[in-house]
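Text of the file run22.txt, holding compact mmCIF, C-alpha atoms:
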```txt
# COMPACT_ATOMS: atom_id res chain seq x y z
CA MET P 21 62.67 22.86 52.12
CA ILE P 22 60.27 22.26 49.37
CA ASN P 23 59.12 18.65 49.07
CA ILE P 24 59.72 17.94 45.40
CA ARG P 25 57.62 14.76 45.49
CA ALA P 26 54.64 16.53 47.08
CA LEU P 27 54.94 19.39 44.60
CA PHE P 28 54.98 16.94 41.72
CA LEU P 29 51.90 15.09 43.01
CA GLY P 30 50.11 18.38 43.56
CA PHE P 31 50.89 19.41 39.99
CA ILE P 32 49.57 16.12 38.63
CA SER P 33 46.41 16.48 40.73
CA LEU P 34 45.79 19.94 39.30
CA ILE P 35 46.10 18.55 35.79
CA VAL P 36 43.66 15.70 36.57
CA ILE P 37 41.19 18.11 38.18
CA TYR P 38 41.48 20.38 35.17
CA PHE P 39 40.70 17.60 32.71
CA ILE P 40 37.86 16.32 34.88
CA TYR P 41 36.46 19.84 34.89
CA ARG P 42 36.84 20.15 31.12
CA ARG P 43 35.23 16.75 30.65
CA THR P 44 32.34 17.73 32.92
CA ILE P 45 31.77 20.93 30.94
CA LYS P 46 32.01 19.00 27.68
CA CYS P 47 29.52 16.38 28.87
CA GLY P 48 27.15 19.12 29.92
CA VAL P 49 27.34 20.63 26.47
CA GLU P 50 26.80 17.20 24.90
CA VAL P 51 23.76 16.53 27.08
CA LYS P 52 22.25 19.87 26.11
CA PHE P 53 23.05 19.16 22.45
CA TYR P 54 21.39 15.74 22.48
CA LYS P 55 18.38 17.12 24.30
CA ARG P 56 17.98 19.69 21.54
CA VAL P 57 18.35 16.98 18.88
CA LEU P 58 15.68 14.82 20.54
CA HIS P 59 13.39 17.79 20.98
CA TYR P 60 13.57 19.10 17.42
CA THR P 61 13.92 15.92 15.37
CA LYS P 62 10.90 15.13 13.19
CA ASP P 63 11.22 11.39 13.90
CA ILE P 64 9.61 10.01 17.04
CA ILE P 65 12.26 8.71 19.43
CA TYR P 66 10.91 6.37 22.09
CA TYR P 67 11.88 4.05 24.93
CA TYR P 68 9.22 1.47 25.76
CA GLN P 69 9.67 -0.52 28.96
CA ALA P 70 8.29 -4.06 28.67
CA TYR P 71 9.35 -5.34 32.12
CA PRO P 72 8.71 -5.19 35.05
CA GLU P 73 6.03 -2.59 34.33
CA VAL P 74 4.76 -1.83 30.83
CA LYS P 75 5.10 1.89 30.19
CA PHE P 76 6.83 4.53 28.10
CA LEU P 77 9.90 6.02 29.72
CA TYR P 78 10.46 8.42 26.84
CA VAL P 79 8.52 9.72 23.83
CA SER P 80 9.96 12.68 21.92
CA PRO P 81 7.85 15.83 21.41
CA SER P 82 7.79 15.14 17.64
CA VAL P 83 4.81 12.87 18.34
CA ARG P 84 2.73 16.05 18.55
CA GLU P 85 3.27 16.89 14.89
CA MET P 86 3.35 13.34 13.51
CA LEU P 87 0.30 11.96 15.31
CA GLY P 88 -1.37 15.06 16.73
CA ARG P 89 -0.97 13.78 20.29
CA HIS P 90 1.03 14.95 23.29
CA GLU P 91 3.82 12.78 24.64
CA ASN P 92 2.13 12.88 28.05
CA ASP P 93 -0.79 10.95 26.53
CA PHE P 94 1.56 7.98 26.07
CA TYR P 95 3.12 8.36 29.51
CA ASN P 96 -0.32 8.34 31.10
CA ASP P 97 -1.74 5.48 29.02
CA SER P 98 0.63 2.70 27.98
CA LYS P 99 -2.17 1.07 25.95
CA LEU P 100 -2.68 4.12 23.76
CA VAL P 101 -0.37 2.68 21.09
CA PHE P 102 -2.63 -0.37 20.77
CA ASN P 103 -5.73 1.82 20.58
CA THR P 104 -4.35 3.99 17.77
CA VAL P 105 -2.57 1.40 15.60
CA HIS P 106 -4.35 0.19 12.44
CA LYS P 107 -6.22 -3.06 13.08
CA ASP P 108 -4.19 -4.86 10.40
CA ASP P 109 -0.94 -3.85 12.14
CA TYR P 110 -2.05 -4.69 15.69
CA GLU P 111 -0.56 -8.19 15.74
CA ASP P 112 2.84 -7.00 14.48
CA LEU P 113 2.93 -4.27 17.13
CA TYR P 114 2.07 -6.73 19.89
CA ASN P 115 4.72 -9.16 18.69
CA LYS P 116 7.28 -6.36 18.84
CA THR P 117 6.49 -5.64 22.48
CA ILE P 118 7.15 -9.30 23.37
CA GLY P 119 10.22 -9.63 21.18
CA GLN P 120 8.67 -11.89 18.53
CA VAL P 121 9.79 -9.91 15.45
CA ASP P 122 12.96 -9.64 13.39
CA PHE P 123 14.48 -6.49 14.84
CA SER P 124 17.10 -6.37 12.08
CA LYS P 125 14.36 -5.22 9.70
CA PRO P 126 12.18 -2.08 9.88
CA GLN P 127 8.52 -2.41 10.74
CA PHE P 128 5.91 -0.58 8.68
CA THR P 129 2.96 0.55 10.75
CA ARG P 130 -0.11 2.74 10.30
CA TRP P 131 -1.10 5.01 13.20
CA LEU P 132 -4.32 6.95 13.64
CA HIS P 133 -3.69 10.69 13.72
CA SER P 134 -5.92 12.78 15.97
CA ASN P 135 -7.47 14.23 12.79
CA GLY P 136 -8.85 10.80 11.89
CA GLU P 137 -6.38 9.99 9.09
CA TYR P 138 -3.77 7.23 9.16
CA VAL P 139 -0.06 7.99 9.09
CA PHE P 140 2.27 5.45 7.46
CA THR P 141 5.49 5.00 9.44
CA GLU P 142 8.78 3.14 9.29
CA ASP P 143 9.98 1.94 12.69
CA HIS P 144 13.57 0.96 13.43
CA ALA P 145 13.57 -0.70 16.85
CA VAL P 146 16.26 -2.21 19.07
CA PRO P 147 15.42 -4.79 21.77
CA ILE P 148 17.01 -4.59 25.22
CA TYR P 149 17.43 -7.78 27.26
CA ASP P 150 18.47 -8.42 30.84
CA LYS P 151 21.17 -10.90 31.86
CA ALA P 152 18.58 -13.70 31.88
CA GLY P 153 17.73 -13.02 28.24
CA ARG P 154 14.35 -11.52 29.07
CA LEU P 155 13.10 -8.60 26.96
CA ILE P 156 12.87 -5.60 29.25
CA ALA P 157 12.55 -2.74 26.78
CA VAL P 158 12.35 -1.66 23.16
CA GLU P 159 13.82 1.60 21.96
CA GLY P 160 13.82 3.08 18.51
CA SER P 161 12.81 5.77 16.07
CA ILE P 162 9.67 6.15 13.97
CA ARG P 163 9.68 8.06 10.68
CA ASP P 164 6.65 9.38 8.82
CA ILE P 165 6.70 7.84 5.31
CA THR P 166 3.14 8.77 4.31
CA TYR P 167 4.26 10.92 1.37
CA ARG P 168 6.71 8.24 0.20
CA LYS P 169 4.01 5.58 0.50
CA LYS P 170 1.62 7.65 -1.60
CA LEU P 171 4.28 8.02 -4.29
CA GLU P 172 4.98 4.28 -4.22
CA ASP P 173 1.26 3.50 -4.48
CA GLU P 174 0.91 5.94 -7.36
CA LEU P 175 3.86 4.39 -9.21
CA GLU P 176 2.47 0.91 -8.60
CA HIS P 177 -0.95 2.02 -9.86
CA ARG P 178 0.61 3.47 -12.99
CA SER P 179 2.49 0.25 -13.66
CA THR P 180 -0.65 -1.88 -13.46
CA HIS P 181 -3.38 0.40 -14.83
CA ASP P 182 -4.27 1.90 -18.19
CA LYS P 183 -3.79 5.68 -18.11
CA MET P 184 -6.85 6.60 -20.18
CA THR P 185 -9.49 4.33 -18.66
CA GLY P 186 -8.12 3.47 -15.21
CA LEU P 187 -8.67 -0.23 -15.95
CA TYR P 188 -5.97 -2.81 -15.32
CA ASN P 189 -3.51 -2.78 -18.23
CA ARG P 190 -2.34 -5.61 -20.46
CA GLU P 191 0.78 -6.29 -18.35
CA TYR P 192 -1.28 -6.83 -15.21
CA TYR P 193 -3.82 -8.88 -17.13
CA GLU P 194 -1.15 -11.21 -18.54
CA GLN P 195 0.41 -11.70 -15.10
CA TYR P 196 -2.97 -12.50 -13.56
CA PHE P 197 -3.81 -14.72 -16.55
CA ASN P 198 -0.52 -16.66 -16.24
CA ASP P 199 -0.93 -17.08 -12.48
CA LEU P 200 -4.34 -18.67 -13.00
CA ASP P 201 -2.89 -20.94 -15.68
CA LYS P 202 -0.44 -22.34 -13.12
CA LYS P 203 -2.93 -23.25 -10.42
CA ASN P 204 -6.16 -25.15 -10.06
CA GLU P 205 -8.66 -22.35 -9.61
CA ALA P 206 -12.22 -23.65 -9.87
CA THR P 207 -14.69 -21.97 -12.21
CA VAL P 208 -12.86 -19.28 -14.13
CA GLY P 209 -14.58 -17.29 -16.86
CA ILE P 210 -13.23 -14.96 -19.53
CA ILE P 211 -15.37 -12.31 -21.21
CA VAL P 212 -14.01 -10.54 -24.28
CA CYS P 213 -15.54 -7.18 -25.23
CA ASP P 214 -14.73 -5.45 -28.52
CA LEU P 215 -15.82 -1.89 -29.30
CA ASP P 216 -17.39 -1.89 -32.76
CA GLY P 217 -16.66 0.97 -35.11
CA LEU P 218 -13.87 2.63 -33.12
CA LYS P 219 -11.69 3.08 -36.21
CA HIS P 220 -14.62 4.61 -38.09
CA THR P 221 -15.18 7.03 -35.18
CA ASN P 222 -11.51 8.00 -35.03
CA ASP P 223 -11.27 8.51 -38.81
CA ASN P 224 -14.47 10.53 -39.16
CA PHE P 225 -14.83 12.40 -35.87
CA GLY P 226 -11.29 12.51 -34.49
CA HIS P 227 -9.43 10.69 -31.74
CA LYS P 228 -10.89 12.85 -28.96
CA VAL P 229 -14.34 11.52 -29.77
CA GLY P 230 -12.88 8.01 -30.11
CA ASP P 231 -11.22 8.36 -26.70
CA LYS P 232 -14.51 9.50 -25.18
CA LEU P 233 -16.19 6.45 -26.68
CA ILE P 234 -13.60 4.17 -25.05
CA ILE P 235 -13.88 5.93 -21.69
CA GLU P 236 -17.68 5.84 -21.55
CA ALA P 237 -17.83 2.20 -22.63
CA THR P 238 -15.22 1.10 -20.08
CA LYS P 239 -17.03 3.00 -17.30
CA ILE P 240 -20.09 0.85 -17.93
CA ILE P 241 -18.10 -2.37 -18.07
CA ASN P 242 -15.93 -1.52 -15.06
CA SER P 243 -18.98 -0.75 -12.91
CA HIS P 244 -19.31 -4.54 -12.61
CA SER P 245 -15.76 -5.12 -11.33
CA LEU P 246 -15.40 -6.76 -7.94
CA LYS P 247 -12.62 -8.49 -6.06
CA ASN P 248 -13.30 -11.65 -8.07
CA ILE P 249 -14.05 -9.81 -11.33
CA ILE P 250 -10.97 -8.26 -12.96
CA VAL P 251 -11.54 -5.82 -15.84
CA SER P 252 -8.58 -5.00 -18.11
CA ARG P 253 -7.94 -3.05 -21.28
CA ILE P 254 -5.82 -5.42 -23.36
CA GLY P 255 -5.94 -3.56 -26.67
CA GLY P 256 -7.02 -0.28 -28.21
CA ASP P 257 -10.66 -1.36 -28.53
CA GLU P 258 -10.60 -4.63 -26.59
CA ILE P 259 -11.61 -5.16 -22.96
CA SER P 260 -11.30 -8.51 -21.20
CA ILE P 261 -12.91 -9.58 -17.95
CA ILE P 262 -11.71 -12.50 -15.83
CA THR P 263 -14.22 -13.87 -13.34
CA ILE P 264 -13.55 -16.21 -10.43
CA GLY P 265 -16.29 -18.35 -8.94
CA LEU P 266 -19.10 -17.20 -11.25
CA ASN P 267 -21.15 -19.86 -13.00
CA GLU P 268 -22.41 -19.57 -16.57
CA LYS P 269 -25.79 -18.11 -15.54
CA MET P 270 -24.09 -15.38 -13.46
CA ILE P 271 -21.82 -14.42 -16.36
CA GLU P 272 -24.75 -14.31 -18.79
CA ASP P 273 -26.67 -12.09 -16.34
CA MET P 274 -23.68 -9.72 -16.03
CA ILE P 275 -23.35 -9.47 -19.82
CA SER P 276 -27.07 -8.80 -20.07
CA CYS P 277 -26.72 -5.97 -17.53
CA ILE P 278 -23.82 -4.44 -19.47
CA LYS P 279 -25.82 -4.52 -22.71
CA GLY P 280 -28.82 -2.97 -20.97
CA GLU P 281 -26.74 -0.14 -19.54
CA ILE P 282 -25.21 0.54 -22.97
CA ILE P 283 -28.71 0.80 -24.46
CA GLU P 284 -29.68 3.29 -21.74
CA PHE P 285 -26.53 5.31 -22.37
CA ASN P 286 -27.14 5.46 -26.12
CA GLU P 287 -30.72 6.66 -25.60
CA LEU P 288 -29.47 9.64 -23.61
CA SER P 289 -26.24 10.39 -25.49
CA VAL P 290 -26.18 13.17 -28.05
CA ASP P 291 -22.65 12.82 -29.45
CA ILE P 292 -21.44 9.22 -29.22
CA PHE P 293 -23.02 5.82 -29.78
CA ILE P 294 -21.58 2.70 -28.16
CA ARG P 295 -21.73 -0.60 -30.02
CA ILE P 296 -20.00 -3.58 -28.47
CA SER P 297 -19.58 -7.27 -29.25
CA ILE P 298 -19.25 -9.61 -26.27
CA GLY P 299 -18.29 -13.28 -26.08
CA PHE P 300 -17.36 -15.49 -23.14
CA ALA P 301 -16.15 -18.94 -22.14
CA ILE P 302 -15.94 -20.76 -18.82
CA THR P 303 -13.88 -23.57 -17.32
CA HIS P 304 -14.06 -25.47 -14.04
CA ASN P 305 -10.29 -25.85 -13.82
CA SER P 306 -7.91 -23.04 -14.83
CA LEU P 307 -4.74 -25.15 -14.59
CA GLY P 308 -3.22 -25.21 -18.07
CA ASN P 309 -6.52 -24.14 -19.66
CA MET P 310 -6.31 -20.35 -19.77
CA THR P 311 -5.01 -20.01 -23.35
CA ASN P 312 -7.77 -22.20 -24.78
CA LEU P 313 -10.30 -20.44 -22.57
CA PHE P 314 -9.36 -17.04 -23.99
CA LYS P 315 -9.33 -18.41 -27.54
CA THR P 316 -12.87 -19.75 -27.12
CA ALA P 317 -14.13 -16.49 -25.60
CA ASP P 318 -12.49 -14.51 -28.42
CA GLU P 319 -14.04 -16.75 -31.06
CA ASN P 320 -17.45 -16.38 -29.44
CA MET P 321 -17.02 -12.60 -29.48
CA TYR P 322 -16.28 -12.64 -33.23
CA LYS P 323 -19.36 -14.79 -33.83
CA VAL P 324 -21.45 -12.06 -32.15
CA LYS P 325 -19.65 -9.39 -34.19
CA ARG P 326 -20.30 -11.18 -37.50
CA THR P 327 -23.96 -11.64 -36.58
CA ALA P 328 -24.26 -7.92 -35.83
CA ILE P 329 -22.75 -7.00 -39.20
CA ARG P 330 -25.37 -9.06 -41.02
```

Since I need it in another form, could you write the structure as structure tokens?
Amino acid sequence: MINIRALFLGFISLIVIYFIYRRTIKCGVEVKFYKRVLHYTKDIIYYYQAYPEVKFLYVSPSVREMLGRHENDFYNDSKLVFNTVHKDDYEDLYNKTIGQVDFSKPQFTRWLHSNGEYVFTEDHAVPIYDKAGRLIAVEGSIRDITYRKKLEDELEHRSTHDKMTGLYNREYYEQYFNDLDKKNEATVGIIVCDLDGLKHTNDNFGHKVGDKLIIEATKIINSHSLKNIIVSRIGGDEISIITIGLNEKMIEDMISCIKGEIIEFNELSVDIFIRISIGFAITHNSLGNMTNLFKTADENMYKVKRTAIR
């Protein structure tokens, strides 16, 4: 006599075995799928073990294209990341490996490619802690944003620089000017340069010649720009220089150099002749004094211009 209960249990067992088999096959397919994804993705996928032994447990093959290095290089040398990161990003990278960063935000890091150029990257990392709250690993993905960064830098440059001359534009100048007006910055100077006869040149020889006059004149002036010397085009024929930390003698020497270089240029030029009027003013405290400082420099420039006309 057939045992109905045994038959029923046997039937259920077959169903369970069948679904386990299907699940096993499905998981196998999923594993193969994810392996392909990790292998072919352009982003670097990594798993960095921070404890008990510092080492990489996984680095995706995409590191070959992004950084020009083989993933085995990172397996064999856990310090390679510190040897190839940009010096200005070293501290941030170290802080990430000890859990001292805000993991909710991406990290922007520059890595040295094997070709000697730096690659800008965006890193989204996730910390892994043990039951005691100790950081044991960091996993994440790194995306190459070099092209995006170049576009951003180009857009930023366009927003702050004059297209024709490459000098800082009026918007940047006014922002810098206003910032100085709000803080006590010792020894600030303003030099105002005005190109004489630009309208005459434009009217008689055309705007192309006038543009060349502006470009050549600003090249000479801008050759004196430094980190503490900001040169801006604030009008069609007007250039202003803001100096930080230069005394009156230094500013006078710089103006003298500019005039000398213009004389040399005019002696060699066959098609354009640069004439420029320059005035300056200096203060030992920029706080609340910038407007009057510019006004004085501008007035001094016009005194030079009137003297030249005579």

What lies within 8 Å of Val251 of chain P using all atoms listed in the file, ignoring chain neighbours under 5 positions off, as a PDB file with C-alpha atoms, in the frame of the given file?
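Everything below was put into part-v6.pdb:
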```pdb
ATOM      1  CA  LEU P 187      -8.670  -0.230 -15.950  1.00  0.00           C
ATOM      2  CA  TYR P 188      -5.970  -2.810 -15.320  1.00  0.00           C
ATOM      3  CA  ILE P 241     -18.100  -2.370 -18.070  1.00  0.00           C
ATOM      4  CA  ASN P 242     -15.930  -1.520 -15.060  1.00  0.00           C
ATOM      5  CA  SER P 245     -15.760  -5.120 -11.330  1.00  0.00           C
ATOM      6  CA  ILE P 259     -11.610  -5.160 -22.960  1.00  0.00           C
ATOM      7  CA  SER P 260     -11.300  -8.510 -21.200  1.00  0.00           C
ATOM      8  CA  ILE P 261     -12.910  -9.580 -17.950  1.00  0.00           C
ATOM      9  CA  ILE P 262     -11.710 -12.500 -15.830  1.00  0.00           C
TER      10      ILE P 262
END
```

Distance query Lys62 of chain P at most 9 Å, all atoms listed in the file, self and fewer than 4 positions along chain excluded, as a ChimeraX atom specification: /P:58,81-83,85-86,163-164

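One finds atom CA of Ile210 of chain P at 5.6 Å from atom CA of Ala301 of chain P.
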
Would you list the contacts of Thr166 of chain P as a ChimeraX atom specification, taking every protein, DNA or RNA residue within 7 Å and counting all atoms listed in the file, but skipping same-chain residues closer than 2 positions in sequence? /P:139-141,164,168-170

Please compute the atom CA of Asn92 of chain P-atom CA of Arg154 of chain P distance, one decimal, in Å. 27.3 Å

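Close contacts of Asn222 of chain P, defined as residues with an atom at most 12 Å away when counting only C-alpha atoms, with chain neighbours fewer than 2 positions off set aside, comprise Asp216, Gly217, Leu218, Lys219, His220, Asn224, Phe225, Gly226, His227, Lys228, Val229, Gly230, Asp231, Lys232, Leu233, Ile234, Gly256, Asp257 and Ile292 of chain P.
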
Might you pull out every residue within 12 Å of Glu73 of chain P, with all atoms listed in the file counted and same-chain residues fewer than 5 positions away left off, and present them as a PyMOL selection string? chain P and resi 68+98+155-157

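For the atom pair formed by atom CA of Thr311 of chain P and atom CA of Phe197 of chain P, the distance is 8.7 Å, given to one decimal.
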
Of the candidates P:Tyr322, P:Tyr67, P:Asp108, P:Pro72, which shows the shortest atom-to-atom distance to Glu91 of chain P, using only C-alpha atoms?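 Of P:Tyr322, P:Tyr67, P:Asp108, P:Pro72, the one nearest Glu91 of chain P, counting only C-alpha atoms, is P:Tyr67.
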
Selected residue, from P:Asp214, P:Glu172, P:Asp112, P:Asp201, that lies nearest to Ala317 of chain P when counting only C-alpha atoms: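 Nearest candidate to Ala317 of chain P out of P:Asp214, P:Glu172, P:Asp112, P:Asp201: P:Asp214.
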
Selected residue, from P:Tyr71, P:Gly209, P:Met274, P:Ser297, that lies nearest to Tyr149 of chain P when counting all atoms listed in the file: P:Tyr71

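If only C-alpha atoms are the atoms counted, then among P:Val101, P:Val324, P:Ile275, P:Leu200 the closest residue to Val74 of chain P is P:Val101.
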
Please rebuild segment 103-134 of chain P with N, CA and C atoms and return the result as a compact mmCIF listing (two decimals), keeping the file's coordinate frame.
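Resulting contents of rebuild.txt:
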```txt
# COMPACT_ATOMS: atom_id res chain seq x y z
N ASN P 103 -4.43 1.26 20.92
CA ASN P 103 -5.73 1.82 20.58
C ASN P 103 -5.68 2.69 19.33
N THR P 104 -4.47 3.09 18.92
CA THR P 104 -4.35 3.99 17.77
C THR P 104 -3.67 3.32 16.58
N VAL P 105 -3.18 2.09 16.73
CA VAL P 105 -2.57 1.40 15.60
C VAL P 105 -3.67 0.83 14.69
N HIS P 106 -3.39 0.76 13.39
CA HIS P 106 -4.35 0.19 12.44
C HIS P 106 -4.61 -1.26 12.81
N LYS P 107 -5.85 -1.70 12.65
CA LYS P 107 -6.22 -3.06 13.08
C LYS P 107 -5.39 -4.14 12.37
N ASP P 108 -4.98 -3.87 11.14
CA ASP P 108 -4.19 -4.86 10.40
C ASP P 108 -2.73 -4.91 10.86
N ASP P 109 -2.31 -3.89 11.64
CA ASP P 109 -0.94 -3.85 12.14
C ASP P 109 -0.84 -4.18 13.63
N TYR P 110 -2.00 -4.45 14.24
CA TYR P 110 -2.05 -4.69 15.69
C TYR P 110 -1.17 -5.87 16.10
N GLU P 111 -1.30 -6.98 15.38
CA GLU P 111 -0.56 -8.19 15.74
C GLU P 111 0.95 -7.97 15.66
N ASP P 112 1.41 -7.28 14.62
CA ASP P 112 2.84 -7.00 14.48
C ASP P 112 3.35 -6.14 15.63
N LEU P 113 2.54 -5.15 16.03
CA LEU P 113 2.93 -4.27 17.13
C LEU P 113 3.03 -5.07 18.43
N TYR P 114 2.04 -5.92 18.67
CA TYR P 114 2.07 -6.73 19.89
C TYR P 114 3.29 -7.64 19.91
N ASN P 115 3.56 -8.27 18.77
CA ASN P 115 4.72 -9.16 18.69
C ASN P 115 6.02 -8.41 18.97
N LYS P 116 6.08 -7.14 18.57
CA LYS P 116 7.28 -6.36 18.84
C LYS P 116 7.47 -6.14 20.34
N THR P 117 6.38 -5.91 21.05
CA THR P 117 6.49 -5.64 22.48
C THR P 117 6.86 -6.88 23.29
N ILE P 118 6.74 -8.07 22.67
CA ILE P 118 7.15 -9.30 23.37
C ILE P 118 8.38 -9.93 22.71
N GLY P 119 8.97 -9.19 21.78
CA GLY P 119 10.22 -9.63 21.18
C GLY P 119 10.08 -10.69 20.10
N GLN P 120 8.90 -10.84 19.53
CA GLN P 120 8.67 -11.89 18.53
C GLN P 120 8.69 -11.35 17.10
N VAL P 121 9.61 -10.44 16.80
CA VAL P 121 9.79 -9.91 15.45
C VAL P 121 11.27 -9.92 15.11
N ASP P 122 11.57 -9.75 13.84
CA ASP P 122 12.96 -9.64 13.39
C ASP P 122 13.38 -8.18 13.51
N PHE P 123 14.11 -7.86 14.58
CA PHE P 123 14.48 -6.49 14.84
C PHE P 123 15.55 -5.96 13.88
N SER P 124 16.11 -6.83 13.06
CA SER P 124 17.10 -6.37 12.08
C SER P 124 16.44 -5.68 10.90
N LYS P 125 15.10 -5.82 10.80
CA LYS P 125 14.36 -5.22 9.70
C LYS P 125 13.40 -4.16 10.23
N PRO P 126 13.14 -3.10 9.44
CA PRO P 126 12.18 -2.08 9.88
C PRO P 126 10.76 -2.63 9.87
N GLN P 127 9.94 -2.06 10.72
CA GLN P 127 8.52 -2.41 10.74
C GLN P 127 7.72 -1.25 10.14
N PHE P 128 6.75 -1.60 9.32
CA PHE P 128 5.91 -0.58 8.68
C PHE P 128 4.54 -0.62 9.33
N THR P 129 4.16 0.51 9.92
CA THR P 129 2.96 0.55 10.75
C THR P 129 2.13 1.78 10.41
N ARG P 130 0.81 1.62 10.51
CA ARG P 130 -0.11 2.74 10.30
C ARG P 130 -0.69 3.16 11.66
N TRP P 131 -0.59 4.47 11.94
CA TRP P 131 -1.10 5.01 13.20
C TRP P 131 -2.20 6.01 12.91
N LEU P 132 -3.20 6.03 13.79
CA LEU P 132 -4.32 6.95 13.64
C LEU P 132 -3.94 8.32 14.18
N HIS P 133 -3.92 9.31 13.31
CA HIS P 133 -3.69 10.69 13.72
C HIS P 133 -4.94 11.21 14.42
N SER P 134 -4.77 12.23 15.25
CA SER P 134 -5.92 12.78 15.97
C SER P 134 -6.95 13.40 15.02
```
